[in-house]
Each structure stands twice: as structure tokens, then as C-alpha cells.
$ cat query_3.cif   # mmCIF, C-alpha atoms and all ligand atoms
data_upload
#
loop_
_atom_site.label_atom_id
_atom_site.label_comp_id
_atom_site.auth_asym_id
_atom_site.auth_seq_id
_atom_site.Cartn_x
_atom_site.Cartn_y
_atom_site.Cartn_z
CA MET H 159 24.26 -99.52 -1.92
CA PRO H 160 21.87 -96.79 -3.11
CA ASP H 161 20.51 -96.91 -6.64
CA VAL H 162 21.90 -93.52 -7.63
CA ALA H 163 25.58 -92.87 -8.07
CA VAL H 164 27.15 -91.22 -5.04
CA ASP H 165 30.19 -89.05 -5.57
CA VAL H 166 32.65 -88.66 -2.69
CA LEU H 167 35.08 -85.78 -3.13
CA PRO H 168 37.82 -85.40 -0.48
CA VAL H 169 38.36 -81.80 0.65
CA SER H 170 41.88 -82.27 2.05
CA GLY H 171 44.64 -84.83 2.25
CA SER H 172 43.86 -85.87 5.81
CA LEU H 173 40.10 -85.74 6.38
CA GLY H 174 36.78 -84.43 5.10
CA ALA H 175 34.74 -85.20 1.98
CA GLU H 176 31.83 -83.72 0.08
CA VAL H 177 29.12 -86.24 -0.78
CA ARG H 178 26.89 -85.67 -3.78
CA GLY H 179 24.04 -87.77 -5.12
CA MET H 180 22.35 -88.60 -1.83
CA HIS H 181 19.25 -86.89 -0.40
CA LEU H 182 19.33 -86.94 3.39
CA GLY H 183 15.57 -86.46 3.60
CA MET H 184 14.95 -89.84 1.91
CA LEU H 185 17.43 -92.25 3.44
CA GLU H 186 17.21 -96.00 3.05
CA PRO H 187 18.95 -98.26 5.58
CA GLU H 188 21.73 -98.92 3.07
CA ASP H 189 22.27 -95.16 2.75
CA VAL H 190 22.70 -94.86 6.53
CA ALA H 191 25.19 -97.74 6.46
CA LEU H 192 27.11 -96.01 3.67
CA ILE H 193 27.20 -92.73 5.63
CA ARG H 194 28.61 -94.56 8.66
CA GLN H 195 31.24 -96.17 6.47
CA LEU H 196 32.17 -92.84 4.89
CA LEU H 197 32.32 -91.16 8.32
CA HIS H 198 34.77 -93.80 9.53
CA GLU H 199 36.91 -93.14 6.47
CA HIS H 200 36.69 -89.34 6.14
CA LEU H 201 35.59 -88.27 9.69
CA VAL H 202 33.62 -85.24 8.43
CA LEU H 203 31.13 -85.23 5.54
CA PHE H 204 29.41 -82.35 3.74
CA PHE H 205 26.16 -82.65 1.80
CA PRO H 206 25.60 -79.45 -0.21
CA GLY H 207 22.17 -78.32 -1.41
CA GLN H 208 20.06 -80.48 0.91
CA ASP H 209 17.63 -77.83 2.21
CA LEU H 210 16.26 -80.21 4.85
CA SER H 211 13.20 -79.36 6.90
CA VAL H 212 13.53 -79.33 10.69
CA ASP H 213 11.84 -82.75 10.78
CA GLU H 214 14.21 -84.18 8.14
CA HIS H 215 17.29 -82.83 9.93
CA TYR H 216 16.10 -84.36 13.18
CA ALA H 217 15.18 -87.67 11.53
CA PHE H 218 18.68 -87.87 10.03
CA ALA H 219 20.16 -87.68 13.53
CA GLU H 220 17.71 -90.29 14.83
CA ALA H 221 18.69 -92.62 11.98
CA LEU H 222 22.27 -92.57 13.30
CA GLY H 223 21.48 -93.09 16.98
CA GLU H 224 20.09 -91.51 20.12
CA VAL H 225 19.78 -87.71 19.96
CA TYR H 226 22.01 -85.99 22.54
CA GLN H 227 20.09 -83.77 24.95
CA ASN H 228 21.68 -80.41 25.70
CA PRO H 229 21.89 -79.70 29.43
CA PRO H 230 20.20 -76.57 30.81
CA THR H 231 22.68 -73.81 30.11
CA ALA H 232 23.09 -70.06 30.00
CA SER H 233 25.00 -70.42 26.74
CA VAL H 234 24.52 -68.25 23.67
CA PHE H 235 22.71 -70.90 21.68
CA ALA H 236 19.05 -71.63 22.16
CA ASN H 237 16.63 -74.46 21.77
CA TYR H 238 14.89 -74.46 18.41
CA ARG H 239 11.71 -73.36 20.15
CA ASP H 240 11.15 -73.34 23.87
CA ASP H 241 7.85 -75.09 23.40
CA ASP H 242 9.12 -77.51 20.78
CA ALA H 243 8.56 -80.92 22.31
CA ALA H 244 9.04 -82.66 18.95
CA HIS H 245 12.75 -81.85 18.56
CA PRO H 246 14.49 -81.99 21.95
CA GLY H 247 18.21 -81.42 21.55
CA LEU H 248 17.85 -79.33 18.37
CA SER H 249 19.53 -75.96 18.90
CA VAL H 250 19.82 -72.73 16.93
CA HIS H 251 23.15 -70.89 16.74
CA ARG H 252 23.23 -67.30 15.55
CA SER H 253 26.39 -65.22 15.36
CA HIS H 254 24.26 -62.08 15.56
CA ASP H 255 23.05 -63.27 19.00
CA GLY H 256 26.67 -63.62 20.14
CA TYR H 257 27.43 -67.22 19.24
CA ARG H 258 31.03 -68.02 18.32
CA ALA H 259 33.22 -71.11 18.65
CA ASP H 260 36.68 -69.86 17.67
CA SER H 261 38.73 -72.16 19.84
CA TRP H 262 39.67 -75.77 19.09
CA HIS H 263 37.22 -78.07 20.86
CA SER H 264 35.19 -81.24 20.80
CA ASP H 265 31.48 -80.78 21.48
CA GLY H 266 30.47 -81.66 25.03
CA GLN H 267 33.97 -82.74 26.08
CA ALA H 268 33.77 -80.98 29.45
CA ARG H 269 30.39 -82.43 30.36
CA SER H 270 30.47 -85.26 32.84
CA MET H 271 26.94 -86.23 31.86
CA THR H 272 26.98 -89.31 29.74
CA PRO H 273 26.99 -90.59 27.09
CA PRO H 274 29.32 -88.31 25.12
CA VAL H 275 28.61 -86.64 21.78
CA LYS H 276 29.47 -89.08 18.98
CA PHE H 277 28.27 -87.13 15.92
CA THR H 278 27.41 -83.46 15.43
CA ILE H 279 25.11 -82.53 12.54
CA PHE H 280 24.92 -78.94 11.27
CA LYS H 281 22.30 -77.61 8.90
CA MET H 282 23.53 -74.29 7.59
CA ILE H 283 20.74 -71.72 7.38
CA ARG H 284 22.40 -68.39 6.67
CA CYS H 285 25.97 -67.56 5.69
CA PRO H 286 27.83 -64.24 5.76
CA ASN H 287 29.03 -62.76 2.50
CA ARG H 288 32.57 -63.64 3.50
CA GLY H 289 34.13 -65.85 6.14
CA GLY H 290 32.56 -68.24 8.64
CA ASP H 291 34.40 -71.41 7.55
CA THR H 292 34.85 -74.28 9.98
CA MET H 293 38.08 -76.29 10.45
CA TRP H 294 38.44 -79.86 11.69
CA ALA H 295 41.57 -81.71 12.82
CA ASN H 296 42.06 -85.48 12.48
CA GLN H 297 42.75 -86.86 15.97
CA HIS H 298 43.52 -90.38 14.76
CA ALA H 299 46.37 -88.85 12.76
CA ALA H 300 47.41 -86.71 15.73
CA TYR H 301 47.88 -89.85 17.82
CA GLU H 302 49.38 -92.02 15.11
CA GLN H 303 51.98 -89.42 14.10
CA LEU H 304 53.45 -89.25 17.60
CA SER H 305 56.52 -91.37 18.37
CA ALA H 306 56.01 -94.79 19.94
CA PRO H 307 57.41 -93.72 23.36
CA MET H 308 55.13 -90.67 23.44
CA ARG H 309 52.10 -92.79 22.48
CA ASP H 310 52.98 -95.24 25.25
CA LEU H 311 53.17 -92.43 27.83
CA LEU H 312 49.87 -90.91 26.72
CA ASP H 313 48.13 -94.30 26.72
CA GLY H 314 48.54 -94.27 30.51
CA LEU H 315 47.33 -90.73 31.27
CA THR H 316 43.98 -89.26 32.31
CA ALA H 317 42.97 -85.76 31.21
CA PHE H 318 40.89 -83.29 33.16
CA HIS H 319 38.56 -81.17 31.00
CA ALA H 320 36.62 -78.09 32.12
CA ALA H 321 34.55 -75.32 30.54
CA ASP H 322 35.82 -71.82 31.34
CA SER H 323 32.29 -70.48 30.90
CA ASP H 324 30.66 -72.83 33.42
CA PRO H 325 32.41 -74.09 36.59
CA THR H 326 29.87 -76.91 36.92
CA GLU H 327 31.02 -78.44 33.63
CA TYR H 328 34.04 -80.73 33.98
CA SER H 329 34.99 -84.30 33.20
CA THR H 330 37.85 -86.75 33.11
CA ARG H 331 38.65 -89.03 30.17
CA PRO H 332 41.66 -91.02 29.05
CA ALA H 333 44.04 -88.80 27.06
CA VAL H 334 43.87 -91.49 24.38
CA LEU H 335 40.50 -92.99 23.52
CA THR H 336 39.77 -96.13 21.57
CA HIS H 337 37.05 -95.28 19.08
CA PRO H 338 33.93 -97.23 20.07
CA GLU H 339 33.01 -98.15 16.49
CA THR H 340 36.32 -98.63 14.71
CA GLY H 341 38.67 -99.61 17.54
CA ARG H 342 41.18 -97.05 16.25
CA LYS H 343 42.97 -94.92 18.84
CA LEU H 344 42.65 -91.13 18.94
CA LEU H 345 44.03 -88.20 20.91
CA TYR H 346 41.26 -86.63 23.01
CA LEU H 347 42.80 -83.33 24.15
CA THR H 348 41.66 -79.84 23.11
CA ARG H 349 42.75 -76.25 23.63
CA SER H 350 39.28 -75.23 24.79
CA HIS H 351 38.76 -77.74 27.55
CA THR H 352 41.84 -79.75 28.55
CA LYS H 353 43.41 -78.32 31.70
CA ARG H 354 45.60 -81.01 33.20
CA LEU H 355 47.07 -84.47 32.77
CA LEU H 356 46.33 -85.85 36.19
CA GLU H 357 49.19 -88.32 36.65
CA LEU H 358 51.84 -85.64 35.90
CA SER H 359 53.13 -82.74 37.96
CA GLU H 360 51.77 -79.34 36.96
CA PRO H 361 54.95 -78.23 35.11
CA GLU H 362 55.12 -81.58 33.30
CA SER H 363 51.46 -81.41 32.36
CA ASP H 364 51.73 -77.79 31.18
CA ALA H 365 54.78 -78.52 29.03
CA LEU H 366 53.30 -81.65 27.46
CA LEU H 367 49.92 -80.04 26.76
CA HIS H 368 51.65 -76.98 25.29
CA TYR H 369 53.30 -79.30 22.77
CA LEU H 370 50.39 -81.67 22.13
CA LEU H 371 47.63 -79.08 21.68
CA ASP H 372 49.62 -77.52 18.84
CA PHE H 373 50.68 -80.87 17.39
CA ALA H 374 47.03 -81.99 17.27
CA VAL H 375 45.94 -79.14 14.99
CA ARG H 376 48.83 -78.82 12.55
CA PRO H 377 47.72 -77.71 9.06
CA GLU H 378 48.71 -81.09 7.61
CA ILE H 379 45.94 -82.86 9.56
CA VAL H 380 43.30 -80.11 9.23
CA CYS H 381 40.60 -79.49 6.65
CA ARG H 382 38.69 -76.25 6.18
CA TYR H 383 35.22 -75.98 4.65
CA ARG H 384 33.28 -73.05 3.25
CA TRP H 385 29.57 -73.43 3.96
CA THR H 386 26.65 -72.55 1.72
CA PRO H 387 23.02 -72.25 2.88
CA GLY H 388 21.33 -75.66 2.77
CA THR H 389 24.53 -77.64 3.28
CA VAL H 390 24.46 -80.33 5.95
CA GLY H 391 27.71 -81.24 7.67
CA ILE H 392 28.22 -84.22 9.95
CA TRP H 393 31.37 -85.12 11.83
CA ASP H 394 32.78 -87.71 14.15
CA ASN H 395 33.08 -85.63 17.30
CA LEU H 396 35.49 -88.05 19.01
CA ALA H 397 37.88 -88.56 16.10
CA THR H 398 38.06 -84.83 15.30
CA GLN H 399 38.20 -81.48 17.02
CA HIS H 400 36.93 -78.33 15.31
CA TYR H 401 37.22 -74.54 15.20
CA GLY H 402 34.71 -71.97 13.93
CA VAL H 403 36.65 -69.27 12.10
CA TYR H 404 35.21 -65.95 13.26
CA ASP H 405 36.00 -63.71 10.31
CA ILE H 406 32.41 -63.06 9.28
CA ASP H 407 31.05 -59.87 7.76
CA GLY H 408 27.36 -60.53 8.43
CA PRO H 409 24.86 -62.82 10.16
CA ARG H 410 25.54 -66.55 10.29
CA GLU H 411 22.99 -69.08 11.51
CA PHE H 412 22.77 -72.85 11.70
CA HIS H 413 20.75 -75.58 13.38
CA ARG H 414 22.55 -78.33 15.29
CA VAL H 415 21.55 -81.81 16.39
CA MET H 416 24.01 -84.14 18.07
CA VAL H 417 24.02 -87.93 18.34
CA ALA H 418 25.01 -89.56 21.62
CA GLY H 419 27.74 -92.15 21.70
CA PRO H 420 28.30 -95.16 23.91
CA GLU H 421 29.70 -94.68 27.40
CA LEU H 422 33.43 -93.94 27.52
CA PRO H 423 35.86 -94.70 30.33
CA ALA H 424 36.55 -91.82 32.73
CA THR H 425 39.94 -92.91 33.98
CA VAL H 426 43.13 -94.80 33.24
CA ASP H 427 44.54 -96.91 36.07
CA ARG H 428 48.19 -97.25 35.08
CA TRP H 429 49.73 -94.74 37.51
CA PRO H 430 48.38 -92.91 40.60
CA ARG H 431 47.16 -89.38 40.10
CA LEU H 432 49.28 -86.52 41.37
CA LYS H 433 46.24 -84.28 41.24
CA THR H 434 42.82 -85.12 42.64
CA LEU H 435 39.70 -84.22 40.70
CA GLN H 436 38.41 -82.00 43.51
CA THR H 437 41.40 -79.66 43.23
CA ALA H 438 42.29 -80.04 39.55
FE FE J 1 31.45 -77.10 18.36
#
$ encode --input "query_3.cif" --output "C-alpha cells"
Amino acid sequence: MPDVAVDVLPVSGSLGAEVRGMHLGMLEPEDVALIRQLLHEHLVLFFPGQDLSVDEHYAFAEALGEVYQNPPTASVFANYRDDDAAHPGLSVHRSHDGYRADSWHSDGQARSMTPPVKFTIFKMIRCPNRGGDTMWANQHAAYEQLSAPMRDLLDGLTAFHAADSDPTEYSTRPAVLTHPETGRKLLYLTRSHTKRLLELSEPESDALLHYLLDFAVRPEIVCRYRWTPGTVGIWDNLATQHYGVYDIDGPREFHRVMVAGPELPATVDRWPRLKTLQTA
């Protein structure tokens, strides 16, 4: 445990906590272990007033695992600097350049490249005068609060995910994942990316997703956080999905580094698919 007292202040009844008393630019191994433990418990952590340098932000990600490399993309976020060989995977997101993320999603869910994104780490640079909060939904709770028969059905289904903005981005994953670090099950379906449950007919899949995608983001399993410049936020990108509230009245900018997770299964082999991947 670190020498200084660390305060952990939950921000909702279901997930999320502010952590005070820890400087992310000077982490000891026991601090990193504590952050992992707190992430497993709270799923998303906020560290106000950090003011990390680019190097410190990047080093924080490296302390938690392998940095996730963004694929070449025509998206509205950019690399930190095109010639920046020291921080591959670090990206800059500016609302005033057109960036927005106001749909429930999990980062990188539609990418078939592996491994998946395990953690996402924001460093908030600039906040609008009003608005620009982010919301997260607890996907362990989403799974665990379903009835036993519904959980049993979902345990046997494979989901097809695709990015509307890029037809080359698609993937398949089990609808229910087992978290690689905690062994706890979670629902891995999002409004942004999930298009089809492959073992069901189209009307069955549409009806079930219509229900589940709302169930997974009910207010009772959501937290909402108001950023301040200098705050660092880190979340478990498998155990949560998130939504950037686009109600801003001025420029908003943050840096993002993501940490890659271990390989995840792509399929479930309980029932034959009614839809092939090529035509999903
Ligand atoms: Fe995101």
C-alpha cells in the first residue's frame, strides 16, 4: 500500500469512484496494484488535479499493460503528433474538430484486430463552460440483473458488431464475456456497434437487442462524471460501456491512451448460426 492516505469516493451506487491522494506521475508497483484492485471494484476511476505530462500519461498506460495501437483511420481524432514516434497509440480528441461520441459504445468493439481494448485512459485538457460529461454503464450488473433463463440463453449466443462509419470494421464476440482478470461475466452488447445475434432469426435478434440495449444502460447501473481540466479517468472497457454527452457550449479536448487486453473468444459453439458472417 502507498505511504500516503488514499481516499476513494464512489460517484454512484453502481460504479465509478474518485481517487484522491495518489499522483499518477510517480507510481510505485504497489500503487499500480491498488489501481487494478480499485478498477475491478469500481470499473471507472477518476483522478482530479493530476496535470500529467504527455510522457507521464503514456507511462501510466504502459504500467498497466501493452498500449493499444489505433488502426489507420479516417476518424475525427488524430494522433498526438504525426511524427511522434515516442507515443504510438496516443490520440487527441477535439470537439471543435468534429469529435463526438454520443452513442453508447465500448472502445474498439467493432475491430476484429486483436487484442481488444481493456482499459481506456483519458487526460482531460480543456472543458467547455457547461456540459461535456461522460456516462458509463456497469455491464456486470447488466448481466447479473437478468433472469436466470435469459442469462442462460445469452450465454450461448454470438454477437456481430460493426462500425457504421467504416464498413471494414466488424467483429464477432460472445454476447456474454468472462472478464479475463476477474472471471466475472459481463454483457458485451452496445447500441453503437451490435447489429445481430447470429444464432437467432432476424426478428428474434431485433426484438431481443431492442430490449437488452436499453436494459444495459438503465439509470440505476449508470454513473455520470463532470470533468475538470487535469483530471485523468480510467475505465474497464470490457466491464463498462460509455456515452459522451454532447451538450457542450465551447471547445472540449482530451488525450487518450488505451491498454490492450488479452485475446477474447470470437464465437460461441452452442448452436449453429442462422446468419453467416459474410452476410450479417
Ligand atoms: Fe469511447
$ closest_atom_pairs --input "query_3.cif" --of "chain H" --to "ligand FE 1 (chain J)" --cutoff "8 Å" --atoms "only C-alpha atoms and all ligand atoms" --output "JSON lines"
{"residue": "H:Ala259", "atom": "CA", "partner": "J:FE1", "partner_atom": "FE", "distance": 6.3}
{"residue": "H:His263", "atom": "CA", "partner": "J:FE1", "partner_atom": "FE", "distance": 6.4}
{"residue": "H:Ser264", "atom": "CA", "partner": "J:FE1", "partner_atom": "FE", "distance": 6.1}
{"residue": "H:Asp265", "atom": "CA", "partner": "J:FE1", "partner_atom": "FE", "distance": 4.8}
{"residue": "H:His400", "atom": "CA", "partner": "J:FE1", "partner_atom": "FE", "distance": 6.4}
{"residue": "H:Tyr401", "atom": "CA", "partner": "J:FE1", "partner_atom": "FE", "distance": 7.1}
{"residue": "H:Gly402", "atom": "CA", "partner": "J:FE1", "partner_atom": "FE", "distance": 7.5}
$ closest_residue --input "query_3.cif" --among "H:Leu432, H:Asp291, H:Arg414, H:Val390" --to "Glu360 (chain H)" --atoms "all atoms listed in the file"
H:Leu432
$ residues_around --input "query_3.cif" --residues "Met184 (chain H)" --least-positions-apart "6" --cutoff "10 Å" --atoms "all atoms listed in the file" --output "ChimeraX atom specification"
/H:214,217-218
$ write_last_selection --input "query_3.cif" --atoms "C-alpha atoms" --output "compact mmCIF listing (two decimals), in the coordinates of the input"
# COMPACT_ATOMS: atom_id res chain seq x y z
CA GLU H 214 14.21 -84.18 8.14
CA ALA H 217 15.18 -87.67 11.53
CA PHE H 218 18.68 -87.87 10.03
$ residues_near_point --input "query_3.cif" --point "(32.5, -84.0, 23.0)" --cutoff "9 Å" --atoms "only C-alpha atoms" --output "PyMOL selection string"
chain H and resi 263-269+274-277+395-396+399
$ closest_atom_pairs --input "query_3.cif" --of "region 251-327 of chain H" --to "region 346-359 of chain H" --cutoff "8 Å" --atoms "only C-alpha atoms" --output "tab-separated table"
residue	atom	partner	partner_atom	distance
H:Ser261	CA	H:Ser350	CA	5.9
H:Trp262	CA	H:Arg349	CA	5.5
H:His263	CA	H:Ser350	CA	5.3
H:Ser264	CA	H:Thr348	CA	7.0
H:Gln267	CA	H:His351	CA	7.1
H:Ala268	CA	H:His351	CA	6.2
H:Gln297	CA	H:Tyr346	CA	7.2
H:Leu315	CA	H:Glu357	CA	6.2
H:Thr316	CA	H:Leu356	CA	5.7
H:Ala317	CA	H:Leu355	CA	4.6
H:Phe318	CA	H:Arg354	CA	5.2
H:His319	CA	H:Thr352	CA	4.3
H:Ala320	CA	H:His351	CA	5.1
H:Ala321	CA	H:His351	CA	5.7
H:Asp322	CA	H:His351	CA	7.6
$ axis_aligned_box --input "query_3.cif" --around "region 216-221 of chain H" --padding-each-side "6 Å" --output "lines of an AutoDock Vina configuration file"
center_x = 17.7
center_y = -88.5
center_z = 12.4
size_x = 17.0
size_y = 20.3
size_z = 16.8
$ atom_distance --input "query_3.cif" --atom1 "CA of Glu339 (chain H)" --atom2 "CA of Arg194 (chain H)"
9.7 Å
$ residues_around --input "query_3.cif" --residues "region 189-192 of chain H" --least-positions-apart "3" --cutoff "9 Å" --atoms "only C-alpha atoms" --output "PyMOL selection string"
chain H and resi 159-160+180+182+185-186+195-197+218+221-222
$ atom_distance --input "query_3.cif" --atom1 "CA of Val403 (chain H)" --atom2 "CA of Pro246 (chain H)"
27.4 Å
$ closest_residue --input "query_3.cif" --among "H:Gly391, H:Pro361, H:Pro307, H:Gly314" --to "Gly174 (chain H)" --atoms "only C-alpha atoms"
H:Gly391
$ residues_near_point --input "query_3.cif" --point "(16.7, -76.9, 15.8)" --cutoff "6 Å" --atoms "all atoms listed in the file" --output "PyMOL selection string"
chain H and resi 238+248-250+413
$ closest_residue --input "query_3.cif" --among "H:Pro325, H:His254, H:Pro206, H:Val417" --to "Asn228 (chain H)" --atoms "all atoms listed in the file"
H:Val417
$ residues_around --input "query_3.cif" --residues "Val169 (chain H)" --least-positions-apart "2" --cutoff "8 Å" --atoms "all atoms listed in the file" --output "number ranges by chain"
H: 167, 171, 173-176, 381-383
$ atom_distance --input "query_3.cif" --atom1 "CA of Asn287 (chain H)" --atom2 "CA of Phe205 (chain H)"
20.1 Å
$ build_atoms --input "query_3.cif" --residues "region 266-284 of chain H" --atoms "N, CA, C and O atoms" --output "PDB file, keeping the file's coordinate frame"
ATOM      1  N   GLY H 266      30.869 -80.958  23.819  1.00  0.00           N
ATOM      2  CA  GLY H 266      30.470 -81.660  25.030  1.00  0.00           C
ATOM      3  C   GLY H 266      31.601 -82.323  25.800  1.00  0.00           C
ATOM      4  O   GLY H 266      31.342 -83.072  26.748  1.00  0.00           O
ATOM      5  N   GLN H 267      32.850 -82.036  25.455  1.00  0.00           N
ATOM      6  CA  GLN H 267      33.970 -82.740  26.080  1.00  0.00           C
ATOM      7  C   GLN H 267      34.049 -82.503  27.587  1.00  0.00           C
ATOM      8  O   GLN H 267      34.462 -83.387  28.334  1.00  0.00           O
ATOM      9  N   ALA H 268      33.644 -81.311  28.032  1.00  0.00           N
ATOM     10  CA  ALA H 268      33.770 -80.980  29.450  1.00  0.00           C
ATOM     11  C   ALA H 268      32.557 -81.404  30.263  1.00  0.00           C
ATOM     12  O   ALA H 268      32.517 -81.165  31.465  1.00  0.00           O
ATOM     13  N   ARG H 269      31.579 -82.021  29.610  1.00  0.00           N
ATOM     14  CA  ARG H 269      30.390 -82.430  30.360  1.00  0.00           C
ATOM     15  C   ARG H 269      30.573 -83.817  30.931  1.00  0.00           C
ATOM     16  O   ARG H 269      30.906 -84.758  30.201  1.00  0.00           O
ATOM     17  N   SER H 270      30.329 -83.942  32.223  1.00  0.00           N
ATOM     18  CA  SER H 270      30.470 -85.260  32.840  1.00  0.00           C
ATOM     19  C   SER H 270      29.229 -86.100  32.597  1.00  0.00           C
ATOM     20  O   SER H 270      29.251 -87.311  32.803  1.00  0.00           O
ATOM     21  N   MET H 271      28.128 -85.442  32.174  1.00  0.00           N
ATOM     22  CA  MET H 271      26.940 -86.230  31.860  1.00  0.00           C
ATOM     23  C   MET H 271      27.270 -87.180  30.720  1.00  0.00           C
ATOM     24  O   MET H 271      28.073 -86.876  29.859  1.00  0.00           O
ATOM     25  N   THR H 272      26.676 -88.309  30.750  1.00  0.00           N
ATOM     26  CA  THR H 272      26.980 -89.310  29.740  1.00  0.00           C
ATOM     27  C   THR H 272      25.713 -89.703  29.015  1.00  0.00           C
ATOM     28  O   THR H 272      24.626 -89.492  29.527  1.00  0.00           O
ATOM     29  N   PRO H 273      25.785 -90.277  27.849  1.00  0.00           N
ATOM     30  CA  PRO H 273      26.990 -90.590  27.090  1.00  0.00           C
ATOM     31  C   PRO H 273      27.558 -89.342  26.405  1.00  0.00           C
ATOM     32  O   PRO H 273      26.923 -88.293  26.427  1.00  0.00           O
ATOM     33  N   PRO H 274      28.720 -89.463  25.794  1.00  0.00           N
ATOM     34  CA  PRO H 274      29.320 -88.310  25.120  1.00  0.00           C
ATOM     35  C   PRO H 274      28.661 -88.046  23.761  1.00  0.00           C
ATOM     36  O   PRO H 274      27.810 -88.816  23.315  1.00  0.00           O
ATOM     37  N   VAL H 275      29.072 -86.953  23.133  1.00  0.00           N
ATOM     38  CA  VAL H 275      28.610 -86.640  21.780  1.00  0.00           C
ATOM     39  C   VAL H 275      29.437 -87.457  20.786  1.00  0.00           C
ATOM     40  O   VAL H 275      30.661 -87.339  20.750  1.00  0.00           O
ATOM     41  N   LYS H 276      28.766 -88.279  19.988  1.00  0.00           N
ATOM     42  CA  LYS H 276      29.470 -89.080  18.980  1.00  0.00           C
ATOM     43  C   LYS H 276      29.523 -88.347  17.630  1.00  0.00           C
ATOM     44  O   LYS H 276      30.580 -88.238  17.015  1.00  0.00           O
ATOM     45  N   PHE H 277      28.347 -87.876  17.181  1.00  0.00           N
ATOM     46  CA  PHE H 277      28.270 -87.130  15.920  1.00  0.00           C
ATOM     47  C   PHE H 277      27.628 -85.778  16.172  1.00  0.00           C
ATOM     48  O   PHE H 277      26.694 -85.667  16.972  1.00  0.00           O
ATOM     49  N   THR H 278      28.089 -84.764  15.466  1.00  0.00           N
ATOM     50  CA  THR H 278      27.410 -83.460  15.430  1.00  0.00           C
ATOM     51  C   THR H 278      26.938 -83.233  14.004  1.00  0.00           C
ATOM     52  O   THR H 278      27.675 -83.505  13.045  1.00  0.00           O
ATOM     53  N   ILE H 279      25.697 -82.745  13.878  1.00  0.00           N
ATOM     54  CA  ILE H 279      25.110 -82.530  12.540  1.00  0.00           C
ATOM     55  C   ILE H 279      24.650 -81.080  12.436  1.00  0.00           C
ATOM     56  O   ILE H 279      23.743 -80.652  13.150  1.00  0.00           O
ATOM     57  N   PHE H 280      25.282 -80.327  11.558  1.00  0.00           N
ATOM     58  CA  PHE H 280      24.920 -78.940  11.270  1.00  0.00           C
ATOM     59  C   PHE H 280      23.986 -78.887  10.064  1.00  0.00           C
ATOM     60  O   PHE H 280      24.189 -79.623   9.089  1.00  0.00           O
ATOM     61  N   LYS H 281      23.031 -78.008  10.114  1.00  0.00           N
ATOM     62  CA  LYS H 281      22.300 -77.610   8.900  1.00  0.00           C
ATOM     63  C   LYS H 281      22.501 -76.110   8.767  1.00  0.00           C
ATOM     64  O   LYS H 281      22.007 -75.335   9.591  1.00  0.00           O
ATOM     65  N   MET H 282      23.220 -75.706   7.732  1.00  0.00           N
ATOM     66  CA  MET H 282      23.530 -74.290   7.590  1.00  0.00           C
ATOM     67  C   MET H 282      22.306 -73.553   7.046  1.00  0.00           C
ATOM     68  O   MET H 282      21.721 -73.955   6.032  1.00  0.00           O
ATOM     69  N   ILE H 283      21.929 -72.479   7.750  1.00  0.00           N
ATOM     70  CA  ILE H 283      20.740 -71.720   7.380  1.00  0.00           C
ATOM     71  C   ILE H 283      21.127 -70.449   6.625  1.00  0.00           C
ATOM     72  O   ILE H 283      20.596 -70.133   5.568  1.00  0.00           O
ATOM     73  N   ARG H 284      22.063 -69.721   7.198  1.00  0.00           N
ATOM     74  CA  ARG H 284      22.400 -68.390   6.670  1.00  0.00           C
ATOM     75  C   ARG H 284      23.903 -68.205   6.780  1.00  0.00           C
ATOM     76  O   ARG H 284      24.500 -68.499   7.831  1.00  0.00           O
TER      77      ARG H 284
END
